[in-house]
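Q: Sharing a structure below in structure tokens format, with a few things to ask.
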Amino acid sequence: MTDSAPLSDSQTDQLVTALRTGQSVDAAATILGLELSAVWARARTDTRLTIALAGRDPETGDERARVARAEYLRLLALGVAPTRAQLILGSGHPGSWRGDDPAFAQACDAVSAAAAPFGYTGMTRLTTERVARFLQALSKPETTVLAAAAAVGVTQAAIYQRRSRDAEFAVAMDKARAAAAQETSRV
């Protein structure tokens, strides 16, 4: 294999398996006929391989949680607002991670501060148009509040804040959910 030939998915899986069973990267690459430069190149974009190269098992729940936290920090480093990062990840966990882990909260603050000059500066408002699109999305069968909020680019928290202070909006949400339930029962 030449330095320029990228690792295939199959080769990467074989390498990760070898690393998970305790082989050194040098020995595993030699056995599999892989160039180390190709391994390093693949590790830039393959999280499982990177974790295995770090000497940990990428298949554990702890590692999946670590990857999710790293993805959140990556989004913050790219200048994405925390609420938008939650939408991108499809998870509300980052807020609880910050509260549960002071070191992670400090890391988030440091990354956000470093990315501030390049970040998104506006705030996504729950405009009349977004409210209409949100209610339309929510009225579709099996659509969650989180999914409907993400569809219009706002957070679930923004929706519930609006619901708590706007009785008409709360009624409209209830009607949209009822329409979705009625549609589901017809099927």
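In the structure tokens, chains take letters A, B, ... by order of appearance, with residues numbered from 1 within each chain and ligands from 1 in the order shown.
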Ala180 (chain A): which residues within 9 Å, counting only C-alpha atoms, same-chain residues fewer than 3 positions away excluded, as a list in words?

A: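 These residues fall inside the cut-off: Leu138, Ser139, Lys140, Pro141, Glu142, Thr143, Lys175, Ala176, Arg177, Glu183, Thr184 and Ser185 of chain A.
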
Q: Show me, as a PDB file with N, CA, C and O atoms, in the first residue's frame, the residues that have an atom within 12 Å of Ala105 (chain A) when counting only C-alpha atoms, minus same-chain residues fewer than 6 positions from it.

A:
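Result file is selection_39.pdb:
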ATOM      1  N   ARG A  69     -19.439  14.723  23.803  1.00  0.00           N
ATOM      2  CA  ARG A  69     -18.921  15.950  24.422  1.00  0.00           C
ATOM      3  C   ARG A  69     -17.888  16.619  23.520  1.00  0.00           C
ATOM      4  O   ARG A  69     -17.874  17.835  23.366  1.00  0.00           O
ATOM      5  N   TYR A  72     -19.641  18.409  20.741  1.00  0.00           N
ATOM      6  CA  TYR A  72     -20.214  19.664  21.232  1.00  0.00           C
ATOM      7  C   TYR A  72     -19.133  20.737  21.312  1.00  0.00           C
ATOM      8  O   TYR A  72     -19.323  21.860  20.832  1.00  0.00           O
ATOM      9  N   LEU A  73     -17.976  20.386  21.868  1.00  0.00           N
ATOM     10  CA  LEU A  73     -16.874  21.345  21.961  1.00  0.00           C
ATOM     11  C   LEU A  73     -16.381  21.749  20.570  1.00  0.00           C
ATOM     12  O   LEU A  73     -16.046  22.910  20.329  1.00  0.00           O
ATOM     13  N   PRO A  82     -24.182  27.788  21.630  1.00  0.00           N
ATOM     14  CA  PRO A  82     -24.521  26.574  22.380  1.00  0.00           C
ATOM     15  C   PRO A  82     -25.902  26.011  22.068  1.00  0.00           C
ATOM     16  O   PRO A  82     -26.050  24.798  21.916  1.00  0.00           O
ATOM     17  N   PRO A  94     -25.981  18.589  26.477  1.00  0.00           N
ATOM     18  CA  PRO A  94     -24.889  19.500  26.832  1.00  0.00           C
ATOM     19  C   PRO A  94     -25.193  20.402  28.027  1.00  0.00           C
ATOM     20  O   PRO A  94     -24.323  20.665  28.841  1.00  0.00           O
ATOM     21  N   GLY A  95     -26.433  20.846  28.157  1.00  0.00           N
ATOM     22  CA  GLY A  95     -26.774  21.672  29.307  1.00  0.00           C
ATOM     23  C   GLY A  95     -26.613  20.928  30.621  1.00  0.00           C
ATOM     24  O   GLY A  95     -26.108  21.459  31.602  1.00  0.00           O
ATOM     25  N   SER A  96     -27.028  19.667  30.638  1.00  0.00           N
ATOM     26  CA  SER A  96     -26.874  18.884  31.869  1.00  0.00           C
ATOM     27  C   SER A  96     -25.423  18.492  32.096  1.00  0.00           C
ATOM     28  O   SER A  96     -24.972  18.401  33.231  1.00  0.00           O
ATOM     29  N   TRP A  97     -24.669  18.272  31.004  1.00  0.00           N
ATOM     30  CA  TRP A  97     -23.249  17.953  31.164  1.00  0.00           C
ATOM     31  C   TRP A  97     -22.530  19.099  31.860  1.00  0.00           C
ATOM     32  O   TRP A  97     -21.693  18.881  32.719  1.00  0.00           O
ATOM     33  N   ARG A  98     -22.869  20.317  31.487  1.00  0.00           N
ATOM     34  CA  ARG A  98     -22.217  21.485  32.089  1.00  0.00           C
ATOM     35  C   ARG A  98     -22.497  21.526  33.591  1.00  0.00           C
ATOM     36  O   ARG A  98     -21.614  21.806  34.378  1.00  0.00           O
ATOM     37  N   GLY A  99     -23.742  21.235  33.963  1.00  0.00           N
ATOM     38  CA  GLY A  99     -24.100  21.266  35.376  1.00  0.00           C
ATOM     39  C   GLY A  99     -23.491  20.130  36.171  1.00  0.00           C
ATOM     40  O   GLY A  99     -23.181  20.278  37.350  1.00  0.00           O
ATOM     41  N   VAL A 111     -13.638  27.411  25.239  1.00  0.00           N
ATOM     42  CA  VAL A 111     -13.756  27.225  23.788  1.00  0.00           C
ATOM     43  C   VAL A 111     -14.663  28.307  23.199  1.00  0.00           C
ATOM     44  O   VAL A 111     -14.347  28.890  22.160  1.00  0.00           O
ATOM     45  N   SER A 112     -15.769  28.597  23.853  1.00  0.00           N
ATOM     46  CA  SER A 112     -16.678  29.636  23.360  1.00  0.00           C
ATOM     47  C   SER A 112     -15.998  30.999  23.334  1.00  0.00           C
ATOM     48  O   SER A 112     -16.161  31.766  22.387  1.00  0.00           O
TER      49      SER A 112
END

Q: Residues within 9 Å of region 154-159 of chain A, please, as a count of residues only. Count only C-alpha atoms; anything in the same chain fewer than 3 positions from it doesn't count.

A: 19

Q: CA of Leu7 (chain A) and CA of Thr45 (chain A), how far apart in Å?

A: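 So the two atoms, CA of Thr45 (chain A) and CA of Leu7 (chain A), lie 11.4 Å apart.
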
Q: So that I can see what lies close to Ala77 (chain A), please list as a PDB file with C-alpha atoms, in the first residue's frame the residues with an atom at most 12 Å from it, counting only C-alpha atoms and leaving out residues fewer than 6 positions away in the same chain.

A:
ATOM      1  CA  ALA A  70     -16.035  16.361  21.994  1.00  0.00           C
ATOM      2  CA  GLU A  71     -18.494  17.003  19.142  1.00  0.00           C
ATOM      3  CA  ALA A  85     -24.967  23.151  18.822  1.00  0.00           C
ATOM      4  CA  ALA A 107     -13.887  23.834  28.782  1.00  0.00           C
ATOM      5  CA  CYS A 108     -17.116  25.007  27.116  1.00  0.00           C
ATOM      6  CA  ASP A 109     -16.597  28.549  28.380  1.00  0.00           C
ATOM      7  CA  ALA A 110     -12.957  28.588  27.252  1.00  0.00           C
ATOM      8  CA  VAL A 111     -13.756  27.225  23.788  1.00  0.00           C
ATOM      9  CA  SER A 112     -16.678  29.636  23.360  1.00  0.00           C
ATOM     10  CA  ALA A 113     -14.509  32.573  24.425  1.00  0.00           C
ATOM     11  CA  ALA A 114     -11.755  31.559  21.994  1.00  0.00           C
ATOM     12  CA  ALA A 115     -14.259  31.226  19.149  1.00  0.00           C
ATOM     13  CA  ALA A 116     -16.229  34.379  19.999  1.00  0.00           C
ATOM     14  CA  PRO A 117     -14.602  36.568  17.322  1.00  0.00           C
ATOM     15  CA  PHE A 118     -15.722  34.065  14.669  1.00  0.00           C
ATOM     16  CA  GLY A 119     -19.065  33.012  16.097  1.00  0.00           C
ATOM     17  CA  TYR A 120     -22.667  33.653  15.311  1.00  0.00           C
TER      18      TYR A 120
END

Q: Would you mind writing down, as a PDB file with N, CA, C and O atoms, in the first residue's frame, each residue of region 119-181 of chain A that DSSP on the backbone assigns to alpha helix (DSSP H)?

A:
ATOM      1  N   THR A 128     -43.231  35.189  14.016  1.00  0.00           N
ATOM      2  CA  THR A 128     -44.567  34.730  13.626  1.00  0.00           C
ATOM      3  C   THR A 128     -44.466  33.622  12.584  1.00  0.00           C
ATOM      4  O   THR A 128     -45.182  32.617  12.666  1.00  0.00           O
ATOM      5  N   GLU A 129     -43.553  33.797  11.616  1.00  0.00           N
ATOM      6  CA  GLU A 129     -43.377  32.781  10.580  1.00  0.00           C
ATOM      7  C   GLU A 129     -42.856  31.469  11.177  1.00  0.00           C
ATOM      8  O   GLU A 129     -43.311  30.384  10.812  1.00  0.00           O
ATOM      9  N   ARG A 130     -41.899  31.574  12.096  1.00  0.00           N
ATOM     10  CA  ARG A 130     -41.353  30.364  12.727  1.00  0.00           C
ATOM     11  C   ARG A 130     -42.420  29.675  13.581  1.00  0.00           C
ATOM     12  O   ARG A 130     -42.478  28.448  13.628  1.00  0.00           O
ATOM     13  N   VAL A 131     -43.230  30.449  14.271  1.00  0.00           N
ATOM     14  CA  VAL A 131     -44.304  29.864  15.084  1.00  0.00           C
ATOM     15  C   VAL A 131     -45.247  29.068  14.181  1.00  0.00           C
ATOM     16  O   VAL A 131     -45.605  27.928  14.491  1.00  0.00           O
ATOM     17  N   ALA A 132     -45.608  29.645  13.048  1.00  0.00           N
ATOM     18  CA  ALA A 132     -46.516  28.951  12.123  1.00  0.00           C
ATOM     19  C   ALA A 132     -45.879  27.657  11.610  1.00  0.00           C
ATOM     20  O   ALA A 132     -46.542  26.605  11.567  1.00  0.00           O
ATOM     21  N   ARG A 133     -44.618  27.721  11.229  1.00  0.00           N
ATOM     22  CA  ARG A 133     -43.932  26.517  10.735  1.00  0.00           C
ATOM     23  C   ARG A 133     -43.771  25.485  11.849  1.00  0.00           C
ATOM     24  O   ARG A 133     -43.908  24.278  11.621  1.00  0.00           O
ATOM     25  N   PHE A 134     -43.496  25.954  13.079  1.00  0.00           N
ATOM     26  CA  PHE A 134     -43.369  25.041  14.222  1.00  0.00           C
ATOM     27  C   PHE A 134     -44.692  24.312  14.458  1.00  0.00           C
ATOM     28  O   PHE A 134     -44.724  23.085  14.596  1.00  0.00           O
ATOM     29  N   LEU A 135     -45.786  25.054  14.491  1.00  0.00           N
ATOM     30  CA  LEU A 135     -47.095  24.443  14.746  1.00  0.00           C
ATOM     31  C   LEU A 135     -47.472  23.476  13.620  1.00  0.00           C
ATOM     32  O   LEU A 135     -48.039  22.415  13.877  1.00  0.00           O
ATOM     33  N   GLN A 136     -47.134  23.830  12.383  1.00  0.00           N
ATOM     34  CA  GLN A 136     -47.400  22.932  11.264  1.00  0.00           C
ATOM     35  C   GLN A 136     -46.604  21.637  11.425  1.00  0.00           C
ATOM     36  O   GLN A 136     -47.136  20.548  11.239  1.00  0.00           O
ATOM     37  N   ALA A 137     -45.328  21.754  11.795  1.00  0.00           N
ATOM     38  CA  ALA A 137     -44.502  20.558  11.997  1.00  0.00           C
ATOM     39  C   ALA A 137     -45.029  19.722  13.162  1.00  0.00           C
ATOM     40  O   ALA A 137     -45.084  18.498  13.083  1.00  0.00           O
ATOM     41  N   LEU A 138     -45.428  20.387  14.231  1.00  0.00           N
ATOM     42  CA  LEU A 138     -45.908  19.684  15.417  1.00  0.00           C
ATOM     43  C   LEU A 138     -47.217  18.953  15.151  1.00  0.00           C
ATOM     44  O   LEU A 138     -47.520  17.949  15.804  1.00  0.00           O
ATOM     45  N   VAL A 145     -41.745  17.777  20.111  1.00  0.00           N
ATOM     46  CA  VAL A 145     -41.488  19.215  20.246  1.00  0.00           C
ATOM     47  C   VAL A 145     -40.043  19.501  19.840  1.00  0.00           C
ATOM     48  O   VAL A 145     -39.770  20.477  19.137  1.00  0.00           O
ATOM     49  N   LEU A 146     -39.125  18.630  20.253  1.00  0.00           N
ATOM     50  CA  LEU A 146     -37.720  18.816  19.893  1.00  0.00           C
ATOM     51  C   LEU A 146     -37.542  18.822  18.377  1.00  0.00           C
ATOM     52  O   LEU A 146     -36.871  19.696  17.822  1.00  0.00           O
ATOM     53  N   ALA A 147     -38.154  17.874  17.687  1.00  0.00           N
ATOM     54  CA  ALA A 147     -38.024  17.793  16.227  1.00  0.00           C
ATOM     55  C   ALA A 147     -38.673  18.998  15.546  1.00  0.00           C
ATOM     56  O   ALA A 147     -38.113  19.555  14.594  1.00  0.00           O
ATOM     57  N   ALA A 148     -39.832  19.400  15.999  1.00  0.00           N
ATOM     58  CA  ALA A 148     -40.512  20.551  15.399  1.00  0.00           C
ATOM     59  C   ALA A 148     -39.722  21.832  15.642  1.00  0.00           C
ATOM     60  O   ALA A 148     -39.618  22.688  14.755  1.00  0.00           O
ATOM     61  N   ALA A 149     -39.151  21.970  16.835  1.00  0.00           N
ATOM     62  CA  ALA A 149     -38.328  23.149  17.129  1.00  0.00           C
ATOM     63  C   ALA A 149     -37.092  23.170  16.245  1.00  0.00           C
ATOM     64  O   ALA A 149     -36.733  24.206  15.672  1.00  0.00           O
ATOM     65  N   ALA A 150     -36.439  22.027  16.118  1.00  0.00           N
ATOM     66  CA  ALA A 150     -35.237  21.940  15.281  1.00  0.00           C
ATOM     67  C   ALA A 150     -35.562  22.269  13.832  1.00  0.00           C
ATOM     68  O   ALA A 150     -34.757  22.885  13.134  1.00  0.00           O
ATOM     69  N   ALA A 151     -36.746  21.878  13.383  1.00  0.00           N
ATOM     70  CA  ALA A 151     -37.146  22.130  11.996  1.00  0.00           C
ATOM     71  C   ALA A 151     -37.229  23.618  11.680  1.00  0.00           C
ATOM     72  O   ALA A 151     -37.068  24.009  10.522  1.00  0.00           O
ATOM     73  N   GLN A 156     -35.736  23.664  21.946  1.00  0.00           N
ATOM     74  CA  GLN A 156     -36.901  23.192  22.675  1.00  0.00           C
ATOM     75  C   GLN A 156     -37.159  24.110  23.875  1.00  0.00           C
ATOM     76  O   GLN A 156     -38.311  24.409  24.197  1.00  0.00           O
ATOM     77  N   ALA A 157     -36.084  24.577  24.496  1.00  0.00           N
ATOM     78  CA  ALA A 157     -36.228  25.486  25.642  1.00  0.00           C
ATOM     79  C   ALA A 157     -36.945  26.765  25.236  1.00  0.00           C
ATOM     80  O   ALA A 157     -37.799  27.275  25.978  1.00  0.00           O
ATOM     81  N   ALA A 158     -36.632  27.285  24.045  1.00  0.00           N
ATOM     82  CA  ALA A 158     -37.298  28.505  23.572  1.00  0.00           C
ATOM     83  C   ALA A 158     -38.792  28.271  23.402  1.00  0.00           C
ATOM     84  O   ALA A 158     -39.614  29.143  23.724  1.00  0.00           O
ATOM     85  N   ILE A 159     -39.130  27.081  22.922  1.00  0.00           N
ATOM     86  CA  ILE A 159     -40.552  26.744  22.730  1.00  0.00           C
ATOM     87  C   ILE A 159     -41.273  26.719  24.081  1.00  0.00           C
ATOM     88  O   ILE A 159     -42.338  27.326  24.252  1.00  0.00           O
ATOM     89  N   TYR A 160     -40.686  26.024  25.050  1.00  0.00           N
ATOM     90  CA  TYR A 160     -41.353  25.910  26.353  1.00  0.00           C
ATOM     91  C   TYR A 160     -41.370  27.236  27.112  1.00  0.00           C
ATOM     92  O   TYR A 160     -42.312  27.511  27.863  1.00  0.00           O
ATOM     93  N   GLN A 161     -40.365  28.070  26.910  1.00  0.00           N
ATOM     94  CA  GLN A 161     -40.395  29.403  27.520  1.00  0.00           C
ATOM     95  C   GLN A 161     -41.552  30.207  26.939  1.00  0.00           C
ATOM     96  O   GLN A 161     -42.287  30.877  27.670  1.00  0.00           O
ATOM     97  N   ARG A 162     -41.703  30.154  25.624  1.00  0.00           N
ATOM     98  CA  ARG A 162     -42.799  30.865  24.972  1.00  0.00           C
ATOM     99  C   ARG A 162     -44.133  30.316  25.457  1.00  0.00           C
ATOM    100  O   ARG A 162     -45.062  31.067  25.752  1.00  0.00           O
ATOM    101  N   ARG A 163     -44.245  28.996  25.573  1.00  0.00           N
ATOM    102  CA  ARG A 163     -45.482  28.357  26.020  1.00  0.00           C
ATOM    103  C   ARG A 163     -45.866  28.821  27.421  1.00  0.00           C
ATOM    104  O   ARG A 163     -47.037  29.076  27.702  1.00  0.00           O
ATOM    105  N   SER A 164     -44.878  28.955  28.300  1.00  0.00           N
ATOM    106  CA  SER A 164     -45.183  29.324  29.686  1.00  0.00           C
ATOM    107  C   SER A 164     -45.634  30.775  29.830  1.00  0.00           C
ATOM    108  O   SER A 164     -46.344  31.108  30.764  1.00  0.00           O
ATOM    109  N   ARG A 165     -45.248  31.628  28.894  1.00  0.00           N
ATOM    110  CA  ARG A 165     -45.622  33.045  29.023  1.00  0.00           C
ATOM    111  C   ARG A 165     -46.703  33.489  28.041  1.00  0.00           C
ATOM    112  O   ARG A 165     -47.171  34.616  28.103  1.00  0.00           O
ATOM    113  N   ALA A 167     -50.306  32.251  26.636  1.00  0.00           N
ATOM    114  CA  ALA A 167     -51.419  31.300  26.721  1.00  0.00           C
ATOM    115  C   ALA A 167     -51.957  30.915  25.348  1.00  0.00           C
ATOM    116  O   ALA A 167     -52.322  29.755  25.121  1.00  0.00           O
ATOM    117  N   GLU A 168     -52.007  31.869  24.413  1.00  0.00           N
ATOM    118  CA  GLU A 168     -52.499  31.555  23.072  1.00  0.00           C
ATOM    119  C   GLU A 168     -51.575  30.562  22.370  1.00  0.00           C
ATOM    120  O   GLU A 168     -52.041  29.656  21.662  1.00  0.00           O
ATOM    121  N   PHE A 169     -50.291  30.723  22.555  1.00  0.00           N
ATOM    122  CA  PHE A 169     -49.323  29.799  21.964  1.00  0.00           C
ATOM    123  C   PHE A 169     -49.490  28.405  22.574  1.00  0.00           C
ATOM    124  O   PHE A 169     -49.445  27.402  21.857  1.00  0.00           O
ATOM    125  N   ALA A 170     -49.722  28.350  23.891  1.00  0.00           N
ATOM    126  CA  ALA A 170     -49.925  27.055  24.556  1.00  0.00           C
ATOM    127  C   ALA A 170     -51.151  26.344  23.986  1.00  0.00           C
ATOM    128  O   ALA A 170     -51.120  25.136  23.717  1.00  0.00           O
ATOM    129  N   VAL A 171     -52.214  27.089  23.774  1.00  0.00           N
ATOM    130  CA  VAL A 171     -53.430  26.514  23.192  1.00  0.00           C
ATOM    131  C   VAL A 171     -53.158  26.028  21.765  1.00  0.00           C
ATOM    132  O   VAL A 171     -53.580  24.936  21.363  1.00  0.00           O
ATOM    133  N   ALA A 172     -52.432  26.819  20.997  1.00  0.00           N
ATOM    134  CA  ALA A 172     -52.103  26.437  19.620  1.00  0.00           C
ATOM    135  C   ALA A 172     -51.248  25.167  19.590  1.00  0.00           C
ATOM    136  O   ALA A 172     -51.447  24.296  18.728  1.00  0.00           O
ATOM    137  N   MET A 173     -50.317  25.057  20.541  1.00  0.00           N
ATOM    138  CA  MET A 173     -49.508  23.829  20.632  1.00  0.00           C
ATOM    139  C   MET A 173     -50.388  22.625  20.937  1.00  0.00           C
ATOM    140  O   MET A 173     -50.241  21.564  20.324  1.00  0.00           O
ATOM    141  N   ASP A 174     -51.302  22.807  21.889  1.00  0.00           N
ATOM    142  CA  ASP A 174     -52.198  21.708  22.259  1.00  0.00           C
ATOM    143  C   ASP A 174     -53.061  21.280  21.068  1.00  0.00           C
ATOM    144  O   ASP A 174     -53.278  20.081  20.844  1.00  0.00           O
ATOM    145  N   LYS A 175     -53.541  22.254  20.285  1.00  0.00           N
ATOM    146  CA  LYS A 175     -54.345  21.939  19.100  1.00  0.00           C
ATOM    147  C   LYS A 175     -53.506  21.191  18.064  1.00  0.00           C
ATOM    148  O   LYS A 175     -53.980  20.250  17.427  1.00  0.00           O
ATOM    149  N   ALA A 176     -52.257  21.601  17.888  1.00  0.00           N
ATOM    150  CA  ALA A 176     -51.372  20.934  16.922  1.00  0.00           C
ATOM    151  C   ALA A 176     -51.111  19.490  17.347  1.00  0.00           C
ATOM    152  O   ALA A 176     -51.148  18.576  16.515  1.00  0.00           O
ATOM    153  N   ARG A 177     -50.881  19.292  18.632  1.00  0.00           N
ATOM    154  CA  ARG A 177     -50.665  17.922  19.133  1.00  0.00           C
ATOM    155  C   ARG A 177     -51.933  17.079  18.967  1.00  0.00           C
ATOM    156  O   ARG A 177     -51.866  15.898  18.626  1.00  0.00           O
ATOM    157  N   ALA A 178     -53.098  17.689  19.219  1.00  0.00           N
ATOM    158  CA  ALA A 178     -54.365  16.970  19.064  1.00  0.00           C
ATOM    159  C   ALA A 178     -54.585  16.585  17.601  1.00  0.00           C
ATOM    160  O   ALA A 178     -55.039  15.475  17.301  1.00  0.00           O
ATOM    161  N   ALA A 179     -54.242  17.494  16.695  1.00  0.00           N
ATOM    162  CA  ALA A 179     -54.371  17.188  15.255  1.00  0.00           C
ATOM    163  C   ALA A 179     -53.453  16.031  14.875  1.00  0.00           C
ATOM    164  O   ALA A 179     -53.852  15.147  14.092  1.00  0.00           O
ATOM    165  N   ALA A 180     -52.263  16.005  15.416  1.00  0.00           N
ATOM    166  CA  ALA A 180     -51.333  14.914  15.131  1.00  0.00           C
ATOM    167  C   ALA A 180     -51.875  13.600  15.674  1.00  0.00           C
ATOM    168  O   ALA A 180     -51.805  12.564  15.004  1.00  0.00           O
ATOM    169  N   ALA A 181     -52.415  13.628  16.880  1.00  0.00           N
ATOM    170  CA  ALA A 181     -52.973  12.419  17.482  1.00  0.00           C
ATOM    171  C   ALA A 181     -54.179  11.921  16.677  1.00  0.00           C
ATOM    172  O   ALA A 181     -54.339  10.711  16.469  1.00  0.00           O
TER     173      ALA A 181
END

Q: Please identify all polymer residues within 8 Å of Gly55 (chain A), counting only C-alpha atoms, omitting same-chain residues fewer than 3 positions from it, and present them as a PDB file with N, CA, C and O atoms, in the first residue's frame.

A:
ATOM      1  N   LEU A  19      -6.435  -3.285  17.577  1.00  0.00           N
ATOM      2  CA  LEU A  19      -6.060  -2.370  18.668  1.00  0.00           C
ATOM      3  C   LEU A  19      -6.878  -2.663  19.925  1.00  0.00           C
ATOM      4  O   LEU A  19      -6.351  -2.588  21.036  1.00  0.00           O
ATOM      5  N   ARG A  20      -8.154  -3.004  19.760  1.00  0.00           N
ATOM      6  CA  ARG A  20      -9.016  -3.328  20.911  1.00  0.00           C
ATOM      7  C   ARG A  20      -8.541  -4.585  21.624  1.00  0.00           C
ATOM      8  O   ARG A  20      -8.786  -4.742  22.813  1.00  0.00           O
ATOM      9  N   ILE A  51      -9.879   6.839  18.918  1.00  0.00           N
ATOM     10  CA  ILE A  51     -10.046   6.341  20.289  1.00  0.00           C
ATOM     11  C   ILE A  51      -9.242   5.064  20.488  1.00  0.00           C
ATOM     12  O   ILE A  51      -8.565   4.891  21.511  1.00  0.00           O
ATOM     13  N   ALA A  52      -9.298   4.164  19.508  1.00  0.00           N
ATOM     14  CA  ALA A  52      -8.525   2.919  19.609  1.00  0.00           C
ATOM     15  C   ALA A  52      -7.026   3.216  19.646  1.00  0.00           C
ATOM     16  O   ALA A  52      -6.275   2.575  20.394  1.00  0.00           O
TER      17      ALA A  52
END

Q: How many Å separate CA of Leu15 (chain A) from CA of Leu32 (chain A)?

A: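 Computing it gives 7.5 Å between the two atoms.
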
Q: Quick one: pull the distance between CA of Ser24 (chain A) and CA of Thr47 (chain A), Å, one decimal.

A: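 About the pair CA of Ser24 (chain A) and CA of Thr47 (chain A): they are 17.9 Å apart.
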
Q: Counting only C-alpha atoms, what is within 12 Å of region 34-42 of chain A, bar same-chain residues fewer than 2 positions away, as a count of residues only?

A: 33
